[in-house]
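Reading through the C-alpha cells given below for one structure.
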Amino acid sequence: MTIANNTVNPSAEVERTDLITVTIDDIEVKVPKNTLLIRAAEQIGIQIPRFCDHPLLDPVGACRQCLVEITDAGNGRGMPKPQASCTITVADGMVVRTQVSSPVANKAQHGNMEFLLINHPLDCPVCDKGGECPLQNQAMSNGYGESRFHEVKRTFPKPINISAEVLLDRERCVLCARCTRFSEQIAGDPFIALVERGALQQVGIYEKEPFESYFSGNTIQICPVGALTSAAYRFRSRPFDLVSVPSVAEHDSSGAAIRVDYRRGKVMRRLAGDDPEVNEEWISDKDRFAFNYATTGDRLTHPMIREDGELRPASWPEALTFAGQKLTAARGNAAVLTGGRLTLEDSYAYSKFARVVLGTNDIDFRSRPHSAEEVDFLAAAVAGTGLGTTFSDLEKAGSVLLVGFEPEEEAPAVFLRLRKGVRAHGTKVFSVAAYASRGVEKLDGVVVQASPGTEAALLADLGSAGEAGSAARAALGSDSIIIVGERLASVPGGYSTALRLALDTGAQLAWIPRRAGDRAALEAGCLPGLLPGGRLVTDPQARVDLQAAWGVDSLPSNVGKDLTEILAAAGSLDALVVAGVEIDDLPDPAAALAALEAAPFVVSFEVRKSQVTEYADVVFPVVPPAEKDGTFVNWEGRERSFPVVLKVAAAMPDVRALAALAQEMDRSLGFSTPAGAKKEYDELGRWDGDRAQEPTYQAGPSLGAFDSTRLATWRMLIDDSRANDGEPHLTATARTPVARISLTTARRVGVVDADELVVSTDAGSIRLPVVITPMPDNVVWLPTNSADSHVRRSLHADHGSIVTIAGGNA
Amino acid sequence: MLTPVLSDNWDQIRSWQLASYQRSGGYDALRTALRMQPADVVSAVKDSGLRGRGGAGFPTGMKWSFIPQDNPKPKYLVVNADESEPGTCKDIPLMLASPHTLVEGVIIASYAIRASVAFIYVRGEVLHVVRRLQQAVAEAKEAGFIGTDILGTGYDLDVIVHAGAGAYICGEETALLDSLEGRRGQPRLRPPFPAVAGLYGSPTVINNVESIASVPAIIKNGADWFSSMGTEKSKGMTLYSLSGHVTRPGQYEAPMGITLRQLIDLAGGVREGHELKFWTPGGSSTPLLTAEHLDIPLDYEGVGAAGSMLGTKALQIFDETTCVVRSVLRWTEFYKHESCGKCTPCREGTWWLVQILERLEHGKGSKDDLETLLDLCENITGRAFCALADGATAPITSSIQHFKDEYLAHFENGGCPFDPMASTVFATAGASA
Amino acid sequence: MAENHATATDVPVPYSTGDSKITDTTIAEMRELAARYPVGRSALLPMLHLVQSVEGRVTPEGIETCAEILGLTGAEVSAVATFYTMYKRRPVGDYHVGVCTNTLCAVMGGDVIFDRLKQHLDVGNDETTEDGKITLEHLECNAACDYAPVMMVNWEFFDDMTPESATQLVDDLRDGNEVKSPRGATICTWKEAERVLAGFPDGRADEGPTGGKATLAGLRLARERNWTAPSPNGGGSPAPLDGGPGPRPEDQPGRESQAVHTDDSRKED
C-alpha cells in the first residue's frame, strides 16, 4: 500500500555489463557475476543432480552429488579435481563439462550416488517420498543399476518423533543438512541439529526441546529423501495418486502460494508453492497442515430454517424464499456482518448486497476489536491504493518499525522475509510492544517497551522513548517501513500517530491485518463509510460513479453503523446477515450473543456450525476455499486468485447464494459466480477522485505509570482458532500458554517463575503459569485465544483493558 | 648432520620455564621484532623460505601477507596445536619442553599481522602440554610480553590457550576455526579463505606449532641463516619424528632434505635382526613408501616426486614382521572414526572401505575386492569436501601398489599370515613372521 | 578396532539423575570462561570440559546450563557435545585409562595391551570397572609415537608400555598408590584433569621432565657429535648457539619420574 514518499523498490534488473560468459557442455550462457555454476547450468536446461543444494539456503557443498569437470577455470587452466557446482561461482571464460559431456564428472556422480545408497534402506515401496523422491529419481538418472555393496548397512531404530507433527527416519537421511540449515538460517529455530559424528552423524533434537517451529513443515518438503515425514500425511497416499492444484493459503493476509494435493475428493496435504514475490518457497505449519477444519463433521450440508425454536432442514428454494421475504421486509433496517474468511468476490457480493438489496451502509468486516479511527485511517491510507509496500521492500528496507504487530504470530511469511532482510541486508527491526516476543528476538529486533494503550503517545515522541526509542527514531528514513497491525485498533490515536510519523520521516507505512479476507473486504467496501474501490460513502461524486456502474438510482448516503453499533442496535434492527463471523473473535462475545438473541431475524451464511448457527433463523451452507474459486487480496494489495480444488456438485460459494437471495428479493447482484463478481469489481476500478483526509485522533494516555494493571495481548499463530480443528498434531506444537509480568510486578503480587497467576475482570478469570519477563510494570500479557487463555470469552477484555492480577498459589 | 634449533634448549633445566628460556636467549627475538615494522617482520619470514610445518608446506610469510590490512575488522592468529595425524609427534614434545618458543613466535607473528588476540588451539588429550602452555602464557603476561603496551611499543596482545575435545578433523584449519567458535569441527567452504574471513568472520592466520616456533630463530638469526639450511625450495631445519621399528625412535632436528637412510642410521638402525618393510614420510595420510625410497631427500619436492608427500615428517618405520593389511585396516578404521560426517564420499566411503578391508584381513576376500577397493578410492579421492578423505585412501592405494601379493596371500591362506606378537616391542627373541 | 564400526544402535544414555552438582560457582566460572573470548560461544568447549569436571560426564543439566549462558538451544549444545570424543555421556571413573590402538601403537603392542587390560579389568571398551575407579578406552593416535606403545591416564602420557607395566599401572591406580606420568605430573582424578582443560590451571606445570628419552634422542646425538645449526654469521663450522649447552637431563629434578622406563632395555643408548 500507500504513502510511498520514496519507494525503496528500485528495479532489481541486473545491468547487462555484469554478465559474464561461461561454456557448459559446449553451450555458451551469459549469467551475472557470482552466479553458482549449478544455477548457470539450469538456465540452459542442464540438470546437475544435487541433494544439499537449495537456492534459498546458503551453499554447503556437503552431498558432493553435483560434481562437474572444469576444463578451464577462466584462466586457461583446468581444475585437477571435479568441483561441486553448487559452491563454485562462475568465472568469465570458464569451460565446464557436466555428466552430459564428461566421463570424469559422470563417474564421479555415479560413484557418489553409490555411496549415498549403501546405507539407504530399500523401503521405497512404503516410503512417503517414493514417486517424488530426488534420491530415487537421481539414482535412476545418475546412478548404477546395481550396487557393489554387500556389507552391513547402518541401521537405526525406526522413526522418532522430533515434534508432534514431524517424524524422522534416520536410516533414510542422506545428511544433506537442508533441514538443519533451513531451521537455523530461514526460520531461526535451531531446535534440530546434526549430532554425533562421521557415519553415525544424524539429525537430532535435544530431548527436552522438540522441533516446535512454526515452519517445521518446510523441512519435510525440502527433504530430498523420505527422512522427514509428517504425522498428518504419513502413509496416507502415493504421490502419483494425487491431483495437484496451485492455490493460495487462507490463514493469514500474506496470500502465500500453496499447492493442494487431493485424492478422490479429499485434500490429502498442502505444500508450499513457489512464488518469489510473495512467500518464496516457504509456508507456515498452519498454512500447510490446517486444512481439515472443513471436514471435521460439523459441516453445514443443507439450508435450515428455524421453526418453533428449532432448526430444521429445508430445501434451497424454501430457505431462499423464506429469507427473501423477511429480508425484503427488513430493507432499509438490516445490517451485515462479515468475517475474515471471505474472498474478494464474496466481500464484494456482501458489500453490494447491503447497498443495493438491503439499502444500508450498516456493514462491517472487522469481527474483532476495531475503532472509528481505524476506518478513517484505512479510508485515507489504504483503501483503493493498490499494490503498495511489498515483501521485496521488507527484505531491502534499512529499518522496519513494528507497531502493534507480531510478524511471526500474525503473518509468518512477513516474518520470514524480514528475517531474510536482517540476515542478508542488515535490516534493523524495532518493535513497539510490551515485550520482545520470540519472533522479534529472532529478528534481532529492538523492543521499544510500551504499556498497552500508550503506543500512540510513545510514537508521537518516539525519539524520547529511551535508548531504544531514540535508536528507532534515528533509523527512520525514506528506506524505512512502519508496519501497523490490527492490535493498534485498540489504541486511541495509534493509527493517526503512526501515519503522521511516516509522513514526517518519509517512511513507507504498511497495514498488515491478521485475516486473509481483511484487505479484500476493505477494497470491496465492507465498512460503514466505504464503498468499493476506496469510494467514500460521504462523497457524492463517488456515489454517483458507483450508482452509474451498478445501474441503480440511488445508494444510501449516510455513514452506517460499525460492528459494535450494529450489535448494540440489534434489537431494533429488522434483520441481521452474518457471514464468516466467529463470536469468540469479537470484542465482547457475551454481548454479541445477547445481540443475536435480540435480533428479530438472523440469516447465517456459514461453512460449519458455529455459535451464530444457534441464533440463526435461516442458515445457508456455503463452501470453504478448497471448493470454490476466488481471490484473496494480500496485505501488499496484491490479488491472489485461486481455482477450485475440489469440484463439488452444486457447490455454493457465498457469491452464488447471495445472488440467488437477491433474485428472491427482486433485485439483481449482476453476477452469480465468483468470476462474474471479480469481472464487475475489476471494471469498477479504484476511485481516483478525492481521498479521505489523514485522521488526527489524539493519542491516549502517555508514558506515565499506571496505578492499575493493564492487559497486553495478541493471538498466537497456533491457538484455539477453529481453523486448526481436525489437526491435533499441529495444535500439539502450539507454544505453551503463559502469563507474563515484570519482575517488579511479580514481587508486588508475590509470584516467581512458573507460579500460577490469576488474571481477572468482572467477567471472569484466567489462570496460567507466569514467566517473569522484561516488560513495563503493571502490565500483564496473555495470549488472546490459546488453551486456558480465552481473553475475550473469559475476560471480555482486550489489549489495553484494566484487569486485576493475583498469585494463584496463595 | 643434525641442527638443533627448536630443540636446542630441550636439555636445559626446567626448559619450559621463562627463566630457563631467557637464559638461552629467549625473547631476544621479540625485542628485535618489535623494533621492526610489522611488514618487515612479514618480509623476513617470507625471505627465509619457511613453509608450513603442519603438512601442506604453504609459505608462511606469504600466508601472513594475505591478511588485508585495510580490513577494519580485528585480525587473529590461531596456532594449530591439534597434533593428531597418526605418526606425528613433534609439536607435543616441543610444547612440553619449550612452550615459550611457541609463545614468543605467537607474539612476533601476531605483531606482524597486527592481531590483537591470538589463540593456541591445542588438542585436549595432552593434559600436561595444556598445563605448560597455560603457565608459559601466564609467565609471559607477567613479564610484559603479552598484554597491553608490550615492551612500551603500544602494541597490545592477548593470548588464549584453548583445549580441544577430541576430533582429528580439527587439525583441518577451517574445521579448527568452527571448533574454536564453539561449534562442531566441520570444515568450511572456501572461499572465503580464512585470511579474509576466518575466525568470527575476521581475517585470520592459522599456522602450525612448529612453523610459529621457527619464527623467533628466523628473526633472531636472519632469513639468510635460515635459508642457508635445507634444499632449494625447502628451507631451514625441521623436526623429523622417527617411530616404530627403529632402535632409537625420537625427534631428530635436521635440515630439510635429509634422507631416511641417514635418519635411520642416526637412530641406530632398524630394530636388530629385522629389516625395513614400509614407512610413512609424513603420517598415515601420506602414501606408504618402501626400502627403495630410502635415499629420496625428505623435503617437499623430493617426497612429492616419489609419489607421496612430506606431510608432517612423521616417519613411521615398520619392519617385515608387520602385516600391511592389518596396518591399513587400522588406519582406515581411524579415518572412519574421525570422518566428520559432513560429506558423502568420506562418511560413506570410509564405512564401506573398513568392511572390505576387514574381510580381506580375515582372509574372506577376493581379487575382485581389490579392484573394488581401488575404484572406491578413486571415487573418494578428490571428490570429498576436504583432504581427510584423500588421506584415508592414501594408505590403501599405496599399499596395494607396493604389496598386492600380501593382500592376495591373505585370501589364498584364508587368513592373516602374520603373528601379531612378532611385531610388538615385547616380542620374545626369535619370534618372526 | 572392531568397536569402531558397529552398526549404530541407540545406546541408552542415562538421562538426568536429578543430582546435578552444578552450582552457582560453576555457573560463575562458565560465565568467566565466556568472558575470556571475543565471542562467548567460543567458550563452549571449555565449558563442557568444566561440566565434566563437576558432573563426571556431560549431563542434561550441563547442556542446559551451557545453552542458557550462551543463548543457544539444547540441540546446538548437544550437537557439539556429541561431536567430540572427550565428552562422555556415561559417568567416567576416577581414572580414564586409554590405550592407543592406532596402527603404529597397535603393531608395537597396543592391541595386546588393550586385550590384556580388558581381561584384567573385566570391562569392554568405554566401560567402567565396577568399583567406579577405571574407565577403559582405546584411543586414536595421541602424538607420542616415538614412545609406542602408548597409554594415557587422564590424558597424561605413559610411554613404552608392556602388558605387564599396563596391568601394574591400573593396579596402582585402583589401589590408590601414587602414580606419576613419566612425562607429566602426579596423576590427579579425571575430573581434576578436566578442570585444567577447561582453563583453570592446577599449578602442576612444573612437575615432570622436559621430555623423555625419545624427545631428546636427536639432541643428545647432536651434543655427542658436536653437531649444531650454522652460526648466524654465516660461518660454515659448527658453533654453539647463545648460552651454550646447559645442564643435562640427568641433573634435572624431573629425572626420577622416568624410572618407569627402566624395564625397557630396548632403547638403551
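Residue numbering restarts at 1 in every chain; chains get A, B, ... in the order shown in the C-alpha cells, and ligands count up from 1 in that same order.
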Distance query stretch 353-370 of chain B at most 10 Å, only C-alpha atoms, self and fewer than 5 positions along chain excluded, as a PyMOL selection string:
(chain A and resi 148-152) or (chain B and resi 323-336+348+375-377+392-393+396-397+400+404+407-417) or (chain C and resi 2+4-5)
Taking 2 positions as the minimum chain separation for residues in the same chain, which residues sit within 10 Å of C:Glu29 when counting only C-alpha atoms? Answer as a PyMOL selection string.
chain C and resi 23-27+31-35+47+50+198-200
Interface residues on chain C facing chain B, 7 Å, only C-alpha atoms, written as an MDAnalysis selection string
chainID C and resid 1 4 41:46 79:80 83:87 102:104 107:109 140:146 155:156 162 184 193 197 201 205 210:211 214:219 222 227:229 232 234 242:243 246:249 252 267
Using only C-alpha atoms, find each residue in chain A having at least one atom no more than 6 Å away from chain B; report its shortest atom-to-atom pair and that distance in Å (one decimal), rows by chain then rising number, as a tab-separated table.
residue	atom	partner	partner_atom	distance
A:Ala62	CA	B:Cys343	CA	4.5
A:Cys63	CA	B:Thr344	CA	5.3
A:Lys81	CA	B:Gly382	CA	5.6
A:Gly111	CA	B:Asn379	CA	5.5
A:Phe115	CA	B:Glu348	CA	5.6
A:Arg197	CA	B:Cys340	CA	5.4
A:Gly198	CA	B:Gly341	CA	3.6
A:Ala199	CA	B:Arg347	CA	5.2
A:Gln201	CA	B:Gly341	CA	5.8
Interface list for chain A, partner chain C, 12 Å threshold, only C-alpha atoms, as a ChimeraX atom specification:
/A:119,151-158,160,162,170-171,180,183-184,188-212,441-442
Take the residues from that selection and write them out as a compact mmCIF listing (two decimals), in the first residue's frame, keeping N, CA and C atoms.
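Writing the result to part_1.txt gives the following:
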# COMPACT_ATOMS: atom_id res chain seq x y z
N ASN A 119 23.99 -47.05 2.51
CA ASN A 119 23.33 -47.11 3.81
C ASN A 119 21.88 -46.66 3.74
N GLU A 151 28.01 -55.38 2.19
CA GLU A 151 28.41 -55.42 3.59
C GLU A 151 27.22 -55.06 4.49
N VAL A 152 27.54 -54.62 5.68
CA VAL A 152 26.49 -54.36 6.67
C VAL A 152 26.01 -52.91 6.56
N LYS A 153 24.70 -52.75 6.43
CA LYS A 153 24.13 -51.41 6.37
C LYS A 153 24.02 -50.82 7.77
N ARG A 154 24.09 -49.53 7.82
CA ARG A 154 23.87 -48.80 9.07
C ARG A 154 22.37 -48.84 9.37
N THR A 155 22.03 -49.16 10.57
CA THR A 155 20.60 -49.18 10.90
C THR A 155 20.35 -48.31 12.13
N PHE A 156 19.16 -47.80 12.17
CA PHE A 156 18.70 -47.04 13.34
C PHE A 156 17.31 -47.57 13.68
N PRO A 157 16.94 -47.44 14.94
CA PRO A 157 15.54 -47.75 15.26
C PRO A 157 14.63 -46.86 14.41
N LYS A 158 13.49 -47.38 14.05
CA LYS A 158 12.61 -46.68 13.10
C LYS A 158 12.17 -45.31 13.61
N ILE A 160 11.54 -41.59 14.72
CA ILE A 160 11.35 -40.95 16.01
C ILE A 160 10.62 -39.64 15.77
N ILE A 162 10.31 -35.99 16.17
CA ILE A 162 11.10 -34.85 16.62
C ILE A 162 10.19 -33.69 16.99
N ARG A 170 15.97 -41.90 10.49
CA ARG A 170 17.39 -41.60 10.29
C ARG A 170 18.05 -42.49 9.25
N GLU A 171 17.49 -43.69 9.05
CA GLU A 171 18.11 -44.56 8.05
C GLU A 171 18.02 -43.98 6.65
N THR A 180 18.38 -28.78 8.71
CA THR A 180 19.03 -28.04 9.80
C THR A 180 19.43 -26.64 9.34
N SER A 183 16.27 -24.55 9.35
CA SER A 183 15.84 -24.18 10.70
C SER A 183 16.70 -23.07 11.26
N GLU A 184 17.98 -23.14 10.99
CA GLU A 184 18.87 -22.13 11.53
C GLU A 184 18.81 -20.84 10.70
N GLY A 188 15.19 -19.52 11.96
CA GLY A 188 15.79 -19.06 13.21
C GLY A 188 15.43 -19.95 14.39
N ASP A 189 15.09 -21.19 14.10
CA ASP A 189 14.69 -22.13 15.15
C ASP A 189 15.62 -23.34 15.17
N PRO A 190 16.84 -23.18 15.61
CA PRO A 190 17.76 -24.33 15.56
C PRO A 190 17.47 -25.38 16.62
N PHE A 191 16.26 -25.92 16.57
CA PHE A 191 15.90 -26.98 17.50
C PHE A 191 16.28 -28.35 16.95
N ILE A 192 16.65 -28.39 15.66
CA ILE A 192 17.23 -29.61 15.13
C ILE A 192 18.66 -29.28 14.72
N ALA A 193 19.52 -30.25 14.87
CA ALA A 193 20.93 -30.04 14.52
C ALA A 193 21.52 -31.38 14.14
N LEU A 194 22.63 -31.34 13.43
CA LEU A 194 23.37 -32.57 13.19
C LEU A 194 24.09 -32.91 14.48
N VAL A 195 23.86 -34.12 14.97
CA VAL A 195 24.54 -34.57 16.17
C VAL A 195 25.37 -35.80 15.82
N GLU A 196 26.20 -36.21 16.77
CA GLU A 196 27.13 -37.31 16.55
C GLU A 196 28.10 -36.96 15.42
N ARG A 197 28.84 -37.96 14.96
CA ARG A 197 29.93 -37.65 14.02
C ARG A 197 30.09 -38.78 13.01
N GLY A 198 30.71 -38.44 11.90
CA GLY A 198 31.08 -39.44 10.90
C GLY A 198 29.87 -40.22 10.42
N ALA A 199 30.05 -41.52 10.29
CA ALA A 199 28.98 -42.36 9.75
C ALA A 199 27.78 -42.41 10.70
N LEU A 200 27.98 -42.01 11.93
CA LEU A 200 26.86 -42.01 12.88
C LEU A 200 26.19 -40.65 12.97
N GLN A 201 26.69 -39.72 12.18
CA GLN A 201 26.07 -38.39 12.21
C GLN A 201 24.59 -38.52 11.86
N GLN A 202 23.78 -37.73 12.52
CA GLN A 202 22.33 -37.81 12.30
C GLN A 202 21.70 -36.50 12.71
N VAL A 203 20.50 -36.30 12.24
CA VAL A 203 19.75 -35.13 12.67
C VAL A 203 19.15 -35.45 14.03
N GLY A 204 19.19 -34.51 14.92
CA GLY A 204 18.64 -34.77 16.25
C GLY A 204 18.09 -33.52 16.90
N ILE A 205 17.34 -33.75 17.95
CA ILE A 205 16.85 -32.65 18.78
C ILE A 205 17.46 -32.82 20.16
N TYR A 206 17.34 -31.83 21.00
CA TYR A 206 17.63 -32.04 22.42
C TYR A 206 16.35 -32.56 23.04
N GLU A 207 16.48 -33.64 23.82
CA GLU A 207 15.30 -34.38 24.27
C GLU A 207 14.19 -33.48 24.81
N LYS A 208 14.56 -32.44 25.52
CA LYS A 208 13.52 -31.62 26.16
C LYS A 208 13.01 -30.50 25.27
N GLU A 209 13.59 -30.33 24.11
CA GLU A 209 13.18 -29.22 23.23
C GLU A 209 12.80 -29.77 21.86
N PRO A 210 11.55 -30.20 21.70
CA PRO A 210 11.16 -30.71 20.39
C PRO A 210 11.22 -29.64 19.31
N PHE A 211 11.12 -30.10 18.08
CA PHE A 211 11.26 -29.22 16.91
C PHE A 211 9.96 -28.43 16.74
N GLU A 212 9.68 -27.57 17.69
CA GLU A 212 8.44 -26.81 17.63
C GLU A 212 8.70 -25.45 17.00
N GLU A 441 12.78 -11.42 18.76
CA GLU A 441 14.15 -11.79 19.13
C GLU A 441 14.89 -12.40 17.94
N LYS A 442 14.18 -13.21 17.18
CA LYS A 442 14.82 -13.87 16.05
C LYS A 442 15.11 -12.90 14.91
Kindly give the distance, in Å, that separates atom CA of A:Ser367 and atom CA of A:Leu337, rounded to a single decimal.
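Atom CA of A:Leu337 lies 7.7 Å from atom CA of A:Ser367.
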Report the residues of stretch 141-355 of chain B whose backbone DSSP state falls under strand (DSSP E or B), written as a ChimeraX atom specification.
/B:147,157-163,204-208,230,235,237-244,246,250-255,259,270,276-280,289-290,297,314-319
Could you state the separation of atom CA of A:Asp72 and atom CA of B:Pro192 in Å, given to one decimal place?
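Between these atoms lies a distance of 21.1 Å.
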One decimal, Å: what's the distance from atom CA of B:Phe193 over to atom CA of A:Phe51, could you say?
24.7 Å
If you run DSSP on this backbone, which residues of stretch 145-367 of chain B come out as alpha helix (DSSP H), and could you give them as a VMD selection string?
chain B and resid 173 to 180 194 to 197 209 to 221 223 to 227 260 to 266 300 to 305 324 to 338 344 to 361 367
Write out as JSON, numbers by chain the residues lying within 12 Å of A:Ala569, counting only C-alpha atoms and excluding same-chain residues fewer than 5 positions away.
{"A": [333, 334, 335, 362, 560, 561, 562, 563, 564, 574, 575, 576, 591, 592, 594, 595, 596, 597, 598, 599, 600]}
Store the residues picked out above, limited to N, CA and C atoms, as a PDB file, in the first residue's frame.
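Written out: again-v1.pdb:
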ATOM      1  N   ASN A 333     -33.599  -1.429   7.113  1.00  0.00           N
ATOM      2  CA  ASN A 333     -33.328  -1.551   8.554  1.00  0.00           C
ATOM      3  C   ASN A 333     -32.695  -2.913   8.841  1.00  0.00           C
ATOM      4  N   ALA A 334     -31.714  -3.250   8.007  1.00  0.00           N
ATOM      5  CA  ALA A 334     -30.980  -4.504   8.195  1.00  0.00           C
ATOM      6  C   ALA A 334     -29.489  -4.187   8.211  1.00  0.00           C
ATOM      7  N   ALA A 335     -28.715  -5.144   8.706  1.00  0.00           N
ATOM      8  CA  ALA A 335     -27.268  -4.920   8.759  1.00  0.00           C
ATOM      9  C   ALA A 335     -26.540  -6.199   8.373  1.00  0.00           C
ATOM     10  N   ASP A 362     -24.911  -0.257   6.848  1.00  0.00           N
ATOM     11  CA  ASP A 362     -24.575  -0.934   8.108  1.00  0.00           C
ATOM     12  C   ASP A 362     -23.880  -2.268   7.775  1.00  0.00           C
ATOM     13  N   GLY A 560     -22.874   4.286   7.765  1.00  0.00           N
ATOM     14  CA  GLY A 560     -23.596   3.268   8.514  1.00  0.00           C
ATOM     15  C   GLY A 560     -23.002   3.001   9.889  1.00  0.00           C
ATOM     16  N   LYS A 561     -23.535   1.957  10.493  1.00  0.00           N
ATOM     17  CA  LYS A 561     -23.078   1.566  11.828  1.00  0.00           C
ATOM     18  C   LYS A 561     -21.918   0.568  11.695  1.00  0.00           C
ATOM     19  N   ASP A 562     -21.007   0.662  12.645  1.00  0.00           N
ATOM     20  CA  ASP A 562     -19.942  -0.346  12.646  1.00  0.00           C
ATOM     21  C   ASP A 562     -20.388  -1.549  13.472  1.00  0.00           C
ATOM     22  N   LEU A 563     -19.516  -2.530  13.613  1.00  0.00           N
ATOM     23  CA  LEU A 563     -19.909  -3.794  14.237  1.00  0.00           C
ATOM     24  C   LEU A 563     -20.461  -3.587  15.641  1.00  0.00           C
ATOM     25  N   THR A 564     -19.765  -2.806  16.436  1.00  0.00           N
ATOM     26  CA  THR A 564     -20.226  -2.586  17.810  1.00  0.00           C
ATOM     27  C   THR A 564     -21.587  -1.905  17.818  1.00  0.00           C
ATOM     28  N   ASP A 574     -34.384  -4.919  11.911  1.00  0.00           N
ATOM     29  CA  ASP A 574     -35.355  -5.924  11.489  1.00  0.00           C
ATOM     30  C   ASP A 574     -34.670  -7.223  11.084  1.00  0.00           C
ATOM     31  N   ALA A 575     -33.390  -7.136  10.643  1.00  0.00           N
ATOM     32  CA  ALA A 575     -32.689  -8.355  10.237  1.00  0.00           C
ATOM     33  C   ALA A 575     -31.180  -8.136  10.287  1.00  0.00           C
ATOM     34  N   LEU A 576     -30.523  -9.264  10.485  1.00  0.00           N
ATOM     35  CA  LEU A 576     -29.064  -9.235  10.548  1.00  0.00           C
ATOM     36  C   LEU A 576     -28.538 -10.377   9.677  1.00  0.00           C
ATOM     37  N   ALA A 591     -21.807 -10.041  24.836  1.00  0.00           N
ATOM     38  CA  ALA A 591     -22.695  -9.002  24.322  1.00  0.00           C
ATOM     39  C   ALA A 591     -23.141  -9.358  22.905  1.00  0.00           C
ATOM     40  N   ALA A 592     -22.250  -9.972  22.139  1.00  0.00           N
ATOM     41  CA  ALA A 592     -22.590 -10.342  20.773  1.00  0.00           C
ATOM     42  C   ALA A 592     -23.686 -11.404  20.755  1.00  0.00           C
ATOM     43  N   ALA A 594     -25.875 -11.875  23.074  1.00  0.00           N
ATOM     44  CA  ALA A 594     -27.109 -11.210  23.503  1.00  0.00           C
ATOM     45  C   ALA A 594     -27.731 -10.461  22.333  1.00  0.00           C
ATOM     46  N   ALA A 595     -26.890  -9.863  21.507  1.00  0.00           N
ATOM     47  CA  ALA A 595     -27.396  -9.111  20.360  1.00  0.00           C
ATOM     48  C   ALA A 595     -28.049 -10.051  19.348  1.00  0.00           C
ATOM     49  N   LEU A 596     -27.424 -11.206  19.125  1.00  0.00           N
ATOM     50  CA  LEU A 596     -28.005 -12.175  18.195  1.00  0.00           C
ATOM     51  C   LEU A 596     -29.355 -12.653  18.721  1.00  0.00           C
ATOM     52  N   GLU A 597     -29.389 -12.833  20.011  1.00  0.00           N
ATOM     53  CA  GLU A 597     -30.633 -13.239  20.664  1.00  0.00           C
ATOM     54  C   GLU A 597     -31.709 -12.176  20.451  1.00  0.00           C
ATOM     55  N   ALA A 598     -31.281 -10.919  20.559  1.00  0.00           N
ATOM     56  CA  ALA A 598     -32.231  -9.808  20.484  1.00  0.00           C
ATOM     57  C   ALA A 598     -32.677  -9.527  19.052  1.00  0.00           C
ATOM     58  N   ALA A 599     -31.819  -9.848  18.088  1.00  0.00           N
ATOM     59  CA  ALA A 599     -32.151  -9.514  16.703  1.00  0.00           C
ATOM     60  C   ALA A 599     -33.378 -10.304  16.266  1.00  0.00           C
ATOM     61  N   PRO A 600     -34.351  -9.649  15.637  1.00  0.00           N
ATOM     62  CA  PRO A 600     -35.584 -10.340  15.274  1.00  0.00           C
ATOM     63  C   PRO A 600     -35.359 -11.426  14.228  1.00  0.00           C
TER      64      PRO A 600
END
Who sits within 10 Å of C:Val123, only C-alpha atoms, same chain under 4 positions skipped, as a PyMOL selection string
chain C and resi 117-119+127-130+134-137
Selection from above, N, CA and C atoms, as a short mmCIF file (atom, residue, chain, number, x, y, z; two decimals), in the first residue's frame, can you write it?
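So selection32.cif came out as:
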data_model
loop_
_atom_site.label_atom_id
_atom_site.label_comp_id
_atom_site.auth_asym_id
_atom_site.auth_seq_id
_atom_site.Cartn_x
_atom_site.Cartn_y
_atom_site.Cartn_z
N LEU C 117 44.22 -55.61 29.24
CA LEU C 117 43.54 -54.75 30.22
C LEU C 117 42.04 -55.04 30.27
N LYS C 118 41.45 -55.33 29.13
CA LYS C 118 40.03 -55.67 29.14
C LYS C 118 39.79 -56.89 30.03
N GLN C 119 40.70 -57.85 29.85
CA GLN C 119 40.60 -59.07 30.63
C GLN C 119 40.86 -58.80 32.11
N GLU C 127 34.07 -48.77 28.96
CA GLU C 127 33.30 -49.21 30.13
C GLU C 127 34.09 -48.94 31.40
N THR C 128 33.37 -48.92 32.50
CA THR C 128 33.98 -48.56 33.77
C THR C 128 33.94 -49.75 34.72
N THR C 129 35.02 -49.92 35.46
CA THR C 129 35.06 -51.03 36.40
C THR C 129 33.98 -50.87 37.46
N GLU C 130 33.62 -51.99 38.04
CA GLU C 130 32.51 -51.96 38.99
C GLU C 130 32.76 -51.03 40.17
N ILE C 134 38.04 -47.10 37.23
CA ILE C 134 38.73 -47.01 35.94
C ILE C 134 37.76 -47.15 34.77
N THR C 135 37.87 -46.24 33.86
CA THR C 135 37.16 -46.36 32.59
C THR C 135 38.21 -46.64 31.53
N LEU C 136 38.01 -47.73 30.80
CA LEU C 136 38.99 -48.16 29.81
C LEU C 136 38.50 -47.80 28.41
N GLU C 137 39.40 -47.25 27.62
CA GLU C 137 39.01 -46.88 26.26
C GLU C 137 40.21 -47.04 25.34
#
Of the candidates B:Gln69, B:Ser211, B:Ser308, B:Thr174, which shows the shortest atom-to-atom distance to B:Val103, using only C-alpha atoms?
B:Ser211
With a distance cut-off of 9 Å and only C-alpha atoms, select the neighbouring residues of A:Val648, excluding the residue or stretch itself and same-chain residues fewer than 2 positions from it, and output the selection as a list in words.
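Neighbouring residues, sequence-local ones excluded: Gly265, Glu627, Lys628, Leu646, Ala650 and Ala651 of chain A.
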Test item: residues at most 8 Å from A:Tyr262, only C-alpha atoms, excluding those fewer than 4 positions along its chain, as a list in words
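Once the nearby chain positions are removed, what remains is Leu242, Val243, Ser244, Lys266, Val267, Met268, Arg269, Val645 and Leu646 of chain A.
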Spatial neighbours of A:Glu664, max dist 7 Å, only C-alpha atoms, sep filter under 2 positions, as a PyMOL selection string
chain A and resi 320-321+324+660-662+666
Would you write out those residues with C-alpha atoms, as a PDB file, in the first residue's frame?
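Printed below is again-v6.pdb as written:
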ATOM      1  CA  LEU A 320     -34.270 -18.630  -0.126  1.00  0.00           C
ATOM      2  CA  THR A 321     -37.930 -17.756  -0.338  1.00  0.00           C
ATOM      3  CA  GLY A 324     -36.040 -13.336   0.898  1.00  0.00           C
ATOM      4  CA  ALA A 660     -29.918 -16.302  -5.506  1.00  0.00           C
ATOM      5  CA  LEU A 661     -31.168 -14.494  -2.430  1.00  0.00           C
ATOM      6  CA  ALA A 662     -31.092 -11.162  -4.232  1.00  0.00           C
ATOM      7  CA  ASP A 666     -36.429  -8.921  -6.909  1.00  0.00           C
TER       8      ASP A 666
END
Using only C-alpha atoms for the distances, tell me which of C:Arg90, C:Lys191, C:His96, C:Arg36 is nearest to C:Gln52.
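Of C:Arg90, C:Lys191, C:His96, C:Arg36, the one nearest C:Gln52, counting only C-alpha atoms, is C:Lys191.
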